[in-house]
Amino acid sequence: MSEKLLELAPVVPVVVLHDAATAVPLARALADGGLPVIEVTLRTPAALEGVRRIAAEVPDAVVGTGTVRTPDDVRASVEAGARFLVSPGATPRLLDAMEDSGLDFLPGTATISEMMAVAERGHTACKFFPAEAAGGRPFLKAVAGPLPDLRFCPTGGVTVDSAPDYLALPNVSCVGGSWLTPADAVAAGDVDRIRGLAAAAAALPRRRGEHSTARAASTANAT
């Protein structure tokens, strides 16, 4: 995924749609609250139709698909109008398909070796998943030393309380979270609550520019 896309907002809402009819009002509430980048996970039958509707009716939203696991998922996402792809892991076959799609994408990584394998293919923006189970903030802090050129979007177990700690890291551009679309609020059509949660998340501070400085310093020290 383009690092510029990661910089659009501090939080990427991870949305599970059970009814495509809720997609447009939900996306409008998130975008109006200041979170334009929306990941709709391919975990339900309603997901792709929801992406189609958001892409067609919410111009302020940058909608993509998550839980992308196969080349078929990639093709279906492109056809639905997704503007980016997010995968839980990164196999060579899936990376080939995502690269061929022409879309921005965020490959999932959980280990140093996976991160290096993705970087070898020229990709510097990664999903760190499952963030909390895979080592959380201490792991990403340690990774910044040997892999200063990589940027991450930690997802998986990140909450409104832990998000600021992740965003304080220089190699974290944004976090992914599901707390922005509580199931009861989505079911009730409570867009005001969702908009309020989005506004609070959009206001979270994050460190900017330090990653580039660290990368430059690392390069200088190596020469």
# chains A, B, ... in the order shown; residues from 1 in each chain; ligands from 1
>>> residues_around(residues="range 169-175 of chain A", least_positions_apart="4", cutoff="9 Å", atoms="only C-alpha atoms", output="MDAnalysis selection string")
chainID A and resid 3 6:13 125 127 137 140:141 143:144 148:155 158 163 165 206:212 214
>>> select_by_dssp(residues="range 10-189 of chain A", states="alpha helix (DSSP H)", output="compact mmCIF listing (two decimals) with all heavy atoms, in the first residue's frame")
# COMPACT_ATOMS: atom_id res chain seq x y z
N ALA A 23 -23.96 -0.48 4.59
CA ALA A 23 -22.63 -0.07 4.15
C ALA A 23 -22.52 1.43 3.91
O ALA A 23 -21.58 2.09 4.39
CB ALA A 23 -22.24 -0.83 2.89
N VAL A 24 -23.45 2.00 3.15
CA VAL A 24 -23.34 3.41 2.77
C VAL A 24 -23.49 4.36 3.97
O VAL A 24 -22.64 5.23 4.17
CB VAL A 24 -24.35 3.75 1.66
CG1 VAL A 24 -24.47 5.26 1.48
CG2 VAL A 24 -23.91 3.10 0.35
N PRO A 25 -24.54 4.23 4.80
CA PRO A 25 -24.62 5.13 5.96
C PRO A 25 -23.44 4.97 6.92
O PRO A 25 -22.97 5.95 7.50
CB PRO A 25 -25.94 4.75 6.63
CG PRO A 25 -26.34 3.44 6.04
CD PRO A 25 -25.75 3.38 4.69
N LEU A 26 -22.95 3.74 7.06
CA LEU A 26 -21.81 3.51 7.93
C LEU A 26 -20.56 4.20 7.37
O LEU A 26 -19.83 4.88 8.10
CB LEU A 26 -21.58 2.00 8.05
CG LEU A 26 -20.55 1.48 9.04
CD1 LEU A 26 -20.93 0.06 9.48
CD2 LEU A 26 -19.17 1.45 8.41
N ALA A 27 -20.32 4.04 6.07
CA ALA A 27 -19.15 4.66 5.44
C ALA A 27 -19.24 6.19 5.50
O ALA A 27 -18.23 6.87 5.74
CB ALA A 27 -19.02 4.20 4.00
N ARG A 28 -20.43 6.72 5.29
CA ARG A 28 -20.59 8.18 5.38
C ARG A 28 -20.28 8.68 6.79
O ARG A 28 -19.64 9.72 6.97
CB ARG A 28 -22.01 8.56 4.97
CG ARG A 28 -22.23 8.52 3.46
CD ARG A 28 -23.66 8.84 3.11
NE ARG A 28 -23.86 8.87 1.65
CZ ARG A 28 -25.02 8.62 1.06
NH1 ARG A 28 -26.09 8.33 1.78
NH2 ARG A 28 -25.10 8.66 -0.26
N ALA A 29 -20.74 7.94 7.79
CA ALA A 29 -20.49 8.35 9.17
C ALA A 29 -18.99 8.33 9.49
O ALA A 29 -18.47 9.24 10.13
CB ALA A 29 -21.25 7.43 10.14
N LEU A 30 -18.30 7.29 9.03
CA LEU A 30 -16.86 7.20 9.27
C LEU A 30 -16.10 8.32 8.55
O LEU A 30 -15.22 8.97 9.13
CB LEU A 30 -16.34 5.83 8.80
CG LEU A 30 -16.80 4.62 9.63
CD1 LEU A 30 -16.43 3.32 8.91
CD2 LEU A 30 -16.19 4.65 11.03
N ALA A 31 -16.45 8.55 7.28
CA ALA A 31 -15.77 9.59 6.51
C ALA A 31 -16.07 10.98 7.09
O ALA A 31 -15.17 11.82 7.20
CB ALA A 31 -16.18 9.52 5.05
N ASP A 32 -17.32 11.22 7.47
CA ASP A 32 -17.68 12.50 8.06
C ASP A 32 -16.96 12.72 9.39
O ASP A 32 -16.67 13.86 9.77
CB ASP A 32 -19.20 12.58 8.29
CG ASP A 32 -19.99 12.70 7.00
OD1 ASP A 32 -19.36 12.97 5.95
OD2 ASP A 32 -21.21 12.52 7.03
N ALA A 47 -20.08 -8.58 2.08
CA ALA A 47 -18.92 -7.70 2.00
C ALA A 47 -18.74 -7.06 0.63
O ALA A 47 -18.63 -5.83 0.51
CB ALA A 47 -17.67 -8.47 2.40
N LEU A 48 -18.71 -7.86 -0.42
CA LEU A 48 -18.42 -7.31 -1.75
C LEU A 48 -19.52 -6.37 -2.23
O LEU A 48 -19.23 -5.33 -2.84
CB LEU A 48 -18.20 -8.44 -2.75
CG LEU A 48 -16.89 -9.20 -2.59
CD1 LEU A 48 -16.88 -10.45 -3.46
CD2 LEU A 48 -15.70 -8.31 -2.92
N GLU A 49 -20.76 -6.72 -1.95
CA GLU A 49 -21.84 -5.80 -2.32
C GLU A 49 -21.73 -4.50 -1.55
O GLU A 49 -21.99 -3.42 -2.09
CB GLU A 49 -23.20 -6.46 -2.08
CG GLU A 49 -24.39 -5.56 -2.40
CD GLU A 49 -24.44 -5.07 -3.84
OE1 GLU A 49 -23.87 -5.75 -4.73
OE2 GLU A 49 -25.04 -4.01 -4.09
N GLY A 50 -21.33 -4.60 -0.29
CA GLY A 50 -21.13 -3.39 0.51
C GLY A 50 -20.04 -2.51 -0.07
O GLY A 50 -20.17 -1.28 -0.13
N VAL A 51 -18.95 -3.13 -0.53
CA VAL A 51 -17.86 -2.38 -1.16
C VAL A 51 -18.37 -1.70 -2.43
O VAL A 51 -18.06 -0.52 -2.69
CB VAL A 51 -16.67 -3.31 -1.48
CG1 VAL A 51 -15.64 -2.60 -2.35
CG2 VAL A 51 -16.02 -3.79 -0.19
N ARG A 52 -19.15 -2.42 -3.22
CA ARG A 52 -19.71 -1.82 -4.45
C ARG A 52 -20.52 -0.56 -4.14
O ARG A 52 -20.40 0.47 -4.82
CB ARG A 52 -20.60 -2.83 -5.18
CG ARG A 52 -19.87 -3.97 -5.84
CD ARG A 52 -20.82 -4.80 -6.69
NE ARG A 52 -20.15 -6.01 -7.16
CZ ARG A 52 -20.21 -7.18 -6.54
NH1 ARG A 52 -20.94 -7.30 -5.44
NH2 ARG A 52 -19.56 -8.23 -7.02
N ARG A 53 -21.35 -0.67 -3.14
CA ARG A 53 -22.21 0.47 -2.80
C ARG A 53 -21.41 1.65 -2.26
O ARG A 53 -21.68 2.80 -2.61
CB ARG A 53 -23.27 0.02 -1.79
CG ARG A 53 -24.23 -1.03 -2.32
CD ARG A 53 -25.36 -1.31 -1.36
NE ARG A 53 -26.20 -2.42 -1.83
CZ ARG A 53 -27.37 -2.74 -1.29
NH1 ARG A 53 -27.85 -2.06 -0.27
NH2 ARG A 53 -28.05 -3.77 -1.77
N ILE A 54 -20.44 1.37 -1.42
CA ILE A 54 -19.61 2.46 -0.89
C ILE A 54 -18.84 3.14 -2.02
O ILE A 54 -18.78 4.37 -2.10
CB ILE A 54 -18.65 1.93 0.19
CG1 ILE A 54 -19.42 1.43 1.41
CG2 ILE A 54 -17.66 3.03 0.60
CD1 ILE A 54 -18.57 0.68 2.41
N ALA A 55 -18.24 2.34 -2.89
CA ALA A 55 -17.46 2.89 -4.00
C ALA A 55 -18.32 3.76 -4.91
O ALA A 55 -17.86 4.79 -5.42
CB ALA A 55 -16.83 1.76 -4.81
N ALA A 56 -19.58 3.39 -5.08
CA ALA A 56 -20.46 4.12 -5.99
C ALA A 56 -21.12 5.33 -5.34
O ALA A 56 -21.41 6.32 -6.02
CB ALA A 56 -21.55 3.18 -6.51
N GLU A 57 -21.34 5.29 -4.02
CA GLU A 57 -22.19 6.30 -3.39
C GLU A 57 -21.51 7.17 -2.34
O GLU A 57 -22.10 8.15 -1.88
CB GLU A 57 -23.39 5.60 -2.74
CG GLU A 57 -24.26 4.82 -3.72
CD GLU A 57 -25.44 4.16 -3.05
OE1 GLU A 57 -26.07 4.82 -2.19
OE2 GLU A 57 -25.74 2.99 -3.37
N PRO A 71 -5.98 -15.24 -5.00
CA PRO A 71 -6.12 -14.45 -6.22
C PRO A 71 -7.58 -14.20 -6.58
O PRO A 71 -7.90 -13.14 -7.13
CB PRO A 71 -5.42 -15.32 -7.27
CG PRO A 71 -4.37 -16.05 -6.50
CD PRO A 71 -5.03 -16.37 -5.18
N ASP A 72 -8.47 -15.15 -6.28
CA ASP A 72 -9.90 -14.93 -6.54
C ASP A 72 -10.43 -13.77 -5.71
O ASP A 72 -11.26 -12.98 -6.19
CB ASP A 72 -10.70 -16.19 -6.23
CG ASP A 72 -10.53 -17.26 -7.31
OD1 ASP A 72 -10.08 -16.91 -8.42
OD2 ASP A 72 -10.84 -18.43 -7.02
N ASP A 73 -9.97 -13.67 -4.46
CA ASP A 73 -10.37 -12.53 -3.61
C ASP A 73 -9.90 -11.22 -4.23
O ASP A 73 -10.61 -10.20 -4.19
CB ASP A 73 -9.77 -12.66 -2.20
CG ASP A 73 -10.42 -13.76 -1.38
OD1 ASP A 73 -11.54 -14.18 -1.69
OD2 ASP A 73 -9.78 -14.18 -0.39
N VAL A 74 -8.70 -11.24 -4.77
CA VAL A 74 -8.16 -10.03 -5.42
C VAL A 74 -9.03 -9.63 -6.60
O VAL A 74 -9.43 -8.46 -6.74
CB VAL A 74 -6.70 -10.27 -5.88
CG1 VAL A 74 -6.20 -9.07 -6.69
CG2 VAL A 74 -5.79 -10.50 -4.67
N ARG A 75 -9.35 -10.60 -7.46
CA ARG A 75 -10.16 -10.30 -8.64
C ARG A 75 -11.54 -9.78 -8.24
O ARG A 75 -12.04 -8.80 -8.82
CB ARG A 75 -10.29 -11.55 -9.51
CG ARG A 75 -9.04 -11.88 -10.30
CD ARG A 75 -9.30 -12.97 -11.32
NE ARG A 75 -9.51 -14.27 -10.68
CZ ARG A 75 -8.53 -15.12 -10.39
NH1 ARG A 75 -7.29 -14.81 -10.68
NH2 ARG A 75 -8.80 -16.29 -9.84
N ALA A 76 -12.15 -10.42 -7.27
CA ALA A 76 -13.48 -10.00 -6.83
C ALA A 76 -13.45 -8.60 -6.24
O ALA A 76 -14.38 -7.80 -6.44
CB ALA A 76 -14.04 -10.99 -5.82
N SER A 77 -12.39 -8.28 -5.54
CA SER A 77 -12.26 -6.95 -4.93
C SER A 77 -12.12 -5.88 -6.00
O SER A 77 -12.75 -4.81 -5.91
CB SER A 77 -11.03 -6.93 -4.01
OG SER A 77 -11.18 -7.84 -2.93
N VAL A 78 -11.31 -6.16 -7.02
CA VAL A 78 -11.14 -5.21 -8.12
C VAL A 78 -12.48 -4.97 -8.81
O VAL A 78 -12.87 -3.82 -9.09
CB VAL A 78 -10.10 -5.72 -9.12
CG1 VAL A 78 -10.08 -4.85 -10.37
CG2 VAL A 78 -8.71 -5.76 -8.48
N GLU A 79 -13.20 -6.04 -9.07
CA GLU A 79 -14.50 -5.93 -9.75
C GLU A 79 -15.52 -5.16 -8.92
O GLU A 79 -16.40 -4.48 -9.48
CB GLU A 79 -15.02 -7.32 -10.08
CG GLU A 79 -14.22 -8.05 -11.15
CD GLU A 79 -14.62 -9.50 -11.30
OE1 GLU A 79 -15.54 -9.94 -10.56
OE2 GLU A 79 -14.03 -10.20 -12.14
N ALA A 80 -15.40 -5.23 -7.60
CA ALA A 80 -16.34 -4.54 -6.72
C ALA A 80 -16.02 -3.06 -6.58
O ALA A 80 -16.82 -2.30 -6.02
CB ALA A 80 -16.36 -5.21 -5.35
N PRO A 92 3.76 -15.98 -1.71
CA PRO A 92 4.22 -15.51 -3.02
C PRO A 92 3.10 -15.42 -4.05
O PRO A 92 3.03 -14.45 -4.82
CB PRO A 92 5.27 -16.56 -3.41
CG PRO A 92 5.81 -17.04 -2.10
CD PRO A 92 4.62 -17.07 -1.18
N ARG A 93 2.22 -16.41 -4.07
CA ARG A 93 1.12 -16.42 -5.04
C ARG A 93 0.17 -15.24 -4.81
O ARG A 93 -0.28 -14.60 -5.76
CB ARG A 93 0.37 -17.75 -4.95
CG ARG A 93 -0.77 -17.92 -5.96
CD ARG A 93 -1.20 -19.39 -6.01
NE ARG A 93 -2.39 -19.59 -6.83
CZ ARG A 93 -3.61 -19.74 -6.33
NH1 ARG A 93 -3.81 -19.73 -5.03
NH2 ARG A 93 -4.64 -19.93 -7.15
N LEU A 94 -0.13 -14.98 -3.55
CA LEU A 94 -1.03 -13.86 -3.25
C LEU A 94 -0.35 -12.53 -3.55
O LEU A 94 -0.98 -11.61 -4.11
CB LEU A 94 -1.45 -13.91 -1.78
CG LEU A 94 -2.37 -12.80 -1.30
CD1 LEU A 94 -3.65 -12.75 -2.13
CD2 LEU A 94 -2.70 -12.97 0.18
N LEU A 95 0.93 -12.41 -3.23
CA LEU A 95 1.65 -11.17 -3.54
C LEU A 95 1.67 -10.92 -5.04
O LEU A 95 1.50 -9.78 -5.49
CB LEU A 95 3.07 -11.24 -2.99
CG LEU A 95 3.22 -11.02 -1.48
CD1 LEU A 95 4.65 -11.35 -1.05
CD2 LEU A 95 2.88 -9.58 -1.10
N ASP A 96 1.87 -11.98 -5.82
CA ASP A 96 1.84 -11.83 -7.29
C ASP A 96 0.50 -11.26 -7.74
O ASP A 96 0.45 -10.34 -8.57
CB ASP A 96 2.05 -13.19 -7.97
CG ASP A 96 3.49 -13.69 -7.87
OD1 ASP A 96 4.38 -12.88 -7.56
OD2 ASP A 96 3.70 -14.90 -8.09
N ALA A 97 -0.59 -11.82 -7.20
CA ALA A 97 -1.92 -11.37 -7.60
C ALA A 97 -2.18 -9.93 -7.19
O ALA A 97 -2.76 -9.15 -7.95
CB ALA A 97 -2.98 -12.30 -7.01
N MET A 98 -1.75 -9.57 -6.00
CA MET A 98 -1.97 -8.20 -5.53
C MET A 98 -1.14 -7.21 -6.34
O MET A 98 -1.61 -6.13 -6.68
CB MET A 98 -1.69 -8.11 -4.03
CG MET A 98 -2.71 -8.84 -3.18
SD MET A 98 -2.67 -8.44 -1.40
CE MET A 98 -1.08 -9.10 -0.94
N GLU A 99 0.08 -7.59 -6.65
CA GLU A 99 0.92 -6.72 -7.48
C GLU A 99 0.31 -6.54 -8.87
O GLU A 99 0.33 -5.43 -9.42
CB GLU A 99 2.32 -7.32 -7.59
CG GLU A 99 3.12 -7.24 -6.30
CD GLU A 99 4.41 -8.05 -6.34
OE1 GLU A 99 4.60 -8.82 -7.31
OE2 GLU A 99 5.21 -7.91 -5.41
N ASP A 100 -0.23 -7.61 -9.42
CA ASP A 100 -0.82 -7.54 -10.77
C ASP A 100 -2.14 -6.77 -10.80
O ASP A 100 -2.60 -6.36 -11.87
CB ASP A 100 -1.06 -8.95 -11.31
CG ASP A 100 0.24 -9.68 -11.63
OD1 ASP A 100 1.28 -9.02 -11.72
OD2 ASP A 100 0.20 -10.92 -11.75
N SER A 101 -2.77 -6.58 -9.64
CA SER A 101 -4.09 -5.93 -9.59
C SER A 101 -4.03 -4.45 -9.94
O SER A 101 -5.03 -3.88 -10.36
CB SER A 101 -4.69 -6.09 -8.20
OG SER A 101 -4.04 -5.24 -7.25
N ILE A 112 9.94 -11.20 11.46
CA ILE A 112 11.01 -10.49 10.76
C ILE A 112 11.21 -11.07 9.35
O ILE A 112 11.37 -10.33 8.37
CB ILE A 112 12.32 -10.59 11.55
CG1 ILE A 112 12.22 -9.84 12.90
CG2 ILE A 112 13.48 -10.04 10.73
CD1 ILE A 112 12.23 -8.34 12.77
N SER A 113 11.19 -12.39 9.24
CA SER A 113 11.41 -13.02 7.93
C SER A 113 10.32 -12.63 6.94
O SER A 113 10.60 -12.36 5.77
CB SER A 113 11.47 -14.54 8.08
OG SER A 113 12.62 -14.93 8.81
N GLU A 114 9.07 -12.61 7.39
CA GLU A 114 7.98 -12.20 6.51
C GLU A 114 8.14 -10.75 6.09
O GLU A 114 7.90 -10.40 4.92
CB GLU A 114 6.65 -12.41 7.21
CG GLU A 114 6.30 -13.88 7.42
CD GLU A 114 5.11 -14.08 8.34
OE1 GLU A 114 4.62 -13.10 8.93
OE2 GLU A 114 4.68 -15.24 8.46
N MET A 115 8.54 -9.91 7.00
CA MET A 115 8.75 -8.50 6.69
C MET A 115 9.86 -8.32 5.67
O MET A 115 9.75 -7.53 4.72
CB MET A 115 9.04 -7.72 7.97
CG MET A 115 7.88 -7.67 8.93
SD MET A 115 8.35 -7.06 10.58
CE MET A 115 6.81 -7.29 11.48
N MET A 116 10.95 -9.08 5.86
CA MET A 116 12.06 -9.00 4.91
C MET A 116 11.67 -9.53 3.53
O MET A 116 12.07 -8.97 2.51
CB MET A 116 13.27 -9.77 5.46
CG MET A 116 13.92 -9.11 6.67
SD MET A 116 15.24 -10.10 7.39
CE MET A 116 16.42 -10.12 6.04
N ALA A 117 10.85 -10.59 3.51
CA ALA A 117 10.41 -11.15 2.23
C ALA A 117 9.56 -10.14 1.46
O ALA A 117 9.69 -10.01 0.23
CB ALA A 117 9.64 -12.44 2.47
N VAL A 118 8.69 -9.43 2.16
CA VAL A 118 7.87 -8.41 1.52
C VAL A 118 8.74 -7.25 1.04
O VAL A 118 8.58 -6.74 -0.08
CB VAL A 118 6.78 -7.91 2.49
CG1 VAL A 118 6.11 -6.65 1.97
CG2 VAL A 118 5.73 -9.01 2.72
N ALA A 119 9.70 -6.85 1.87
CA ALA A 119 10.59 -5.74 1.52
C ALA A 119 11.45 -6.08 0.30
O ALA A 119 11.75 -5.21 -0.53
CB ALA A 119 11.47 -5.38 2.70
N GLU A 120 11.84 -7.36 0.15
CA GLU A 120 12.64 -7.76 -0.99
C GLU A 120 11.90 -7.54 -2.31
O GLU A 120 12.52 -7.40 -3.36
CB GLU A 120 13.02 -9.25 -0.87
CG GLU A 120 14.16 -9.49 0.11
CD GLU A 120 14.52 -10.97 0.19
OE1 GLU A 120 13.84 -11.80 -0.46
OE2 GLU A 120 15.48 -11.29 0.91
N GLY A 136 3.01 -7.18 19.76
CA GLY A 136 2.55 -5.83 20.04
C GLY A 136 3.59 -4.73 19.85
O GLY A 136 4.51 -4.83 19.03
N ARG A 137 3.43 -3.71 20.68
CA ARG A 137 4.28 -2.53 20.57
C ARG A 137 5.76 -2.84 20.80
O ARG A 137 6.61 -2.33 20.08
CB ARG A 137 3.78 -1.46 21.55
CG ARG A 137 4.50 -0.14 21.48
CD ARG A 137 3.86 0.88 22.42
NE ARG A 137 4.54 2.16 22.36
CZ ARG A 137 5.61 2.48 23.09
NH1 ARG A 137 6.12 1.57 23.92
NH2 ARG A 137 6.16 3.67 22.98
N PRO A 138 6.13 -3.68 21.81
CA PRO A 138 7.56 -3.97 22.00
C PRO A 138 8.21 -4.61 20.76
O PRO A 138 9.35 -4.30 20.44
CB PRO A 138 7.56 -4.94 23.19
CG PRO A 138 6.31 -4.60 23.95
CD PRO A 138 5.31 -4.26 22.88
N PHE A 139 7.45 -5.46 20.07
CA PHE A 139 8.00 -6.09 18.87
C PHE A 139 8.27 -5.06 17.79
O PHE A 139 9.34 -5.03 17.17
CB PHE A 139 7.04 -7.16 18.37
CG PHE A 139 7.54 -7.92 17.17
CD1 PHE A 139 8.32 -9.05 17.33
CD2 PHE A 139 7.25 -7.50 15.88
CE1 PHE A 139 8.79 -9.75 16.22
CE2 PHE A 139 7.71 -8.18 14.77
CZ PHE A 139 8.49 -9.32 14.94
N LEU A 140 7.30 -4.19 17.54
CA LEU A 140 7.47 -3.17 16.50
C LEU A 140 8.58 -2.19 16.85
O LEU A 140 9.32 -1.72 15.97
CB LEU A 140 6.16 -2.42 16.27
CG LEU A 140 5.09 -3.18 15.48
CD1 LEU A 140 3.84 -2.33 15.35
CD2 LEU A 140 5.60 -3.58 14.11
N LYS A 141 8.72 -1.89 18.12
CA LYS A 141 9.80 -1.00 18.55
C LYS A 141 11.15 -1.62 18.26
O LYS A 141 12.08 -0.96 17.79
CB LYS A 141 9.66 -0.71 20.05
CG LYS A 141 10.65 0.32 20.57
CD LYS A 141 10.38 0.64 22.03
CE LYS A 141 11.35 1.70 22.56
NZ LYS A 141 11.10 2.01 23.98
N ALA A 142 11.26 -2.94 18.48
CA ALA A 142 12.51 -3.64 18.21
C ALA A 142 12.78 -3.74 16.70
O ALA A 142 13.92 -3.67 16.26
CB ALA A 142 12.47 -5.04 18.82
N VAL A 143 11.73 -3.88 15.91
CA VAL A 143 11.86 -4.02 14.46
C VAL A 143 12.39 -2.74 13.82
O VAL A 143 13.06 -2.78 12.78
CB VAL A 143 10.49 -4.39 13.86
CG1 VAL A 143 10.45 -4.17 12.35
CG2 VAL A 143 10.16 -5.84 14.18
N ALA A 163 -4.29 2.10 21.06
CA ALA A 163 -3.94 2.77 19.80
C ALA A 163 -2.93 3.89 19.98
O ALA A 163 -1.97 3.98 19.19
CB ALA A 163 -5.20 3.29 19.12
N PRO A 164 -3.07 4.78 20.98
CA PRO A 164 -2.09 5.86 21.12
C PRO A 164 -0.66 5.35 21.33
O PRO A 164 0.30 5.98 20.86
CB PRO A 164 -2.59 6.64 22.33
CG PRO A 164 -4.06 6.37 22.37
CD PRO A 164 -4.18 4.94 21.93
N ASP A 165 -0.50 4.23 22.03
CA ASP A 165 0.84 3.68 22.25
C ASP A 165 1.46 3.21 20.95
O ASP A 165 2.66 3.38 20.72
CB ASP A 165 0.78 2.52 23.25
CG ASP A 165 0.41 2.97 24.66
OD1 ASP A 165 0.70 4.13 24.99
OD2 ASP A 165 -0.16 2.16 25.41
N TYR A 166 0.65 2.58 20.09
CA TYR A 166 1.16 2.18 18.78
C TYR A 166 1.50 3.40 17.93
O TYR A 166 2.54 3.45 17.27
CB TYR A 166 0.12 1.33 18.05
CG TYR A 166 0.08 -0.12 18.47
CD1 TYR A 166 -0.92 -0.60 19.30
CD2 TYR A 166 1.04 -1.03 18.02
CE1 TYR A 166 -0.98 -1.94 19.68
CE2 TYR A 166 1.00 -2.37 18.39
CZ TYR A 166 0.00 -2.81 19.21
OH TYR A 166 -0.06 -4.14 19.58
N LEU A 167 0.61 4.38 17.93
CA LEU A 167 0.81 5.55 17.08
C LEU A 167 1.99 6.40 17.52
O LEU A 167 2.47 7.26 16.76
CB LEU A 167 -0.47 6.40 17.07
CG LEU A 167 -1.67 5.75 16.36
CD1 LEU A 167 -2.94 6.55 16.64
CD2 LEU A 167 -1.42 5.65 14.87
N ALA A 183 -21.04 -3.67 16.89
CA ALA A 183 -22.13 -4.43 16.25
C ALA A 183 -23.49 -3.88 16.61
O ALA A 183 -24.39 -3.81 15.75
CB ALA A 183 -22.02 -5.90 16.64
N ASP A 184 -23.67 -3.46 17.87
CA ASP A 184 -25.00 -2.97 18.27
C ASP A 184 -25.31 -1.64 17.60
O ASP A 184 -26.44 -1.37 17.22
CB ASP A 184 -25.10 -2.86 19.79
CG ASP A 184 -24.05 -1.95 20.41
OD1 ASP A 184 -23.01 -1.70 19.76
OD2 ASP A 184 -24.26 -1.48 21.54
N ALA A 185 -24.28 -0.79 17.41
CA ALA A 185 -24.50 0.50 16.76
C ALA A 185 -24.82 0.30 15.27
O ALA A 185 -25.69 0.99 14.72
CB ALA A 185 -23.27 1.39 16.91
N VAL A 186 -24.12 -0.63 14.63
CA VAL A 186 -24.38 -0.91 13.22
C VAL A 186 -25.79 -1.47 13.04
O VAL A 186 -26.55 -1.04 12.17
CB VAL A 186 -23.34 -1.89 12.66
CG1 VAL A 186 -23.70 -2.29 11.23
CG2 VAL A 186 -21.95 -1.28 12.70
N ALA A 187 -26.16 -2.42 13.90
CA ALA A 187 -27.49 -3.04 13.80
C ALA A 187 -28.60 -2.03 14.02
O ALA A 187 -29.66 -2.10 13.39
CB ALA A 187 -27.61 -4.18 14.79
N ALA A 188 -28.36 -1.07 14.94
CA ALA A 188 -29.38 -0.07 15.26
C ALA A 188 -29.36 1.11 14.31
O ALA A 188 -30.22 2.00 14.39
CB ALA A 188 -29.19 0.41 16.69
>>> residues_around(residues="range 38-46 of chain A", least_positions_apart="3", cutoff="7 Å", atoms="only C-alpha atoms", output="list in words")
Val12, Pro13, Val14, Val15, Val16, Leu17, His18, Asp19, Ala20, Glu49, Gly50, Val51, Ala61, Val62, Val63, Gly64, Thr65, Gly66, Thr67 and Val68 of chain A
>>> atom_distance(atom1="CA of Arg69 in chain A", atom2="CA of Gly135 in chain A")
22.6 Å
>>> select_by_dssp(residues="range 17-222 of chain A", states="strand (DSSP E or B)", output="PyMOL selection string")
chain A and resi 37-41+62-66+84-86+104-106+108-109+125-128+151-155+172+175-177
>>> residues_around(residues="Leu103 in chain A", least_positions_apart="6", cutoff="9 Å", atoms="only C-alpha atoms", output="mmCIF file with N, CA and C atoms, in the first residue's frame")
data_model
loop_
_atom_site.group_PDB
_atom_site.id
_atom_site.type_symbol
_atom_site.label_atom_id
_atom_site.label_comp_id
_atom_site.auth_asym_id
_atom_site.auth_seq_id
_atom_site.Cartn_x
_atom_site.Cartn_y
_atom_site.Cartn_z
ATOM 1 N N MET A 1 0.849 -1.197 0.000
ATOM 2 C CA MET A 1 0.000 0.000 0.000
ATOM 3 C C MET A 1 0.878 1.238 0.000
ATOM 4 N N VAL A 78 -11.313 -6.159 -7.016
ATOM 5 C CA VAL A 78 -11.143 -5.210 -8.119
ATOM 6 C C VAL A 78 -12.481 -4.974 -8.809
ATOM 7 N N ALA A 82 -12.994 -1.905 -5.153
ATOM 8 C CA ALA A 82 -12.061 -1.637 -4.055
ATOM 9 C C ALA A 82 -10.875 -0.822 -4.553
ATOM 10 N N ARG A 83 -10.379 0.047 -3.693
ATOM 11 C CA ARG A 83 -9.233 0.879 -4.065
ATOM 12 C C ARG A 83 -7.935 0.419 -3.413
ATOM 13 N N PHE A 84 -8.048 -0.529 -2.482
ATOM 14 C CA PHE A 84 -6.847 -1.122 -1.899
ATOM 15 C C PHE A 84 -7.201 -2.496 -1.350
ATOM 16 N N LEU A 85 -6.159 -3.281 -1.067
ATOM 17 C CA LEU A 85 -6.310 -4.646 -0.580
ATOM 18 C C LEU A 85 -5.498 -4.813 0.700
#
>>> atom_distance(atom1="CA of Gly189 in chain A", atom2="CA of Gly176 in chain A")
21.9 Å
>>> atom_distance(atom1="CA of His123 in chain A", atom2="CA of Val160 in chain A")
28.0 Å
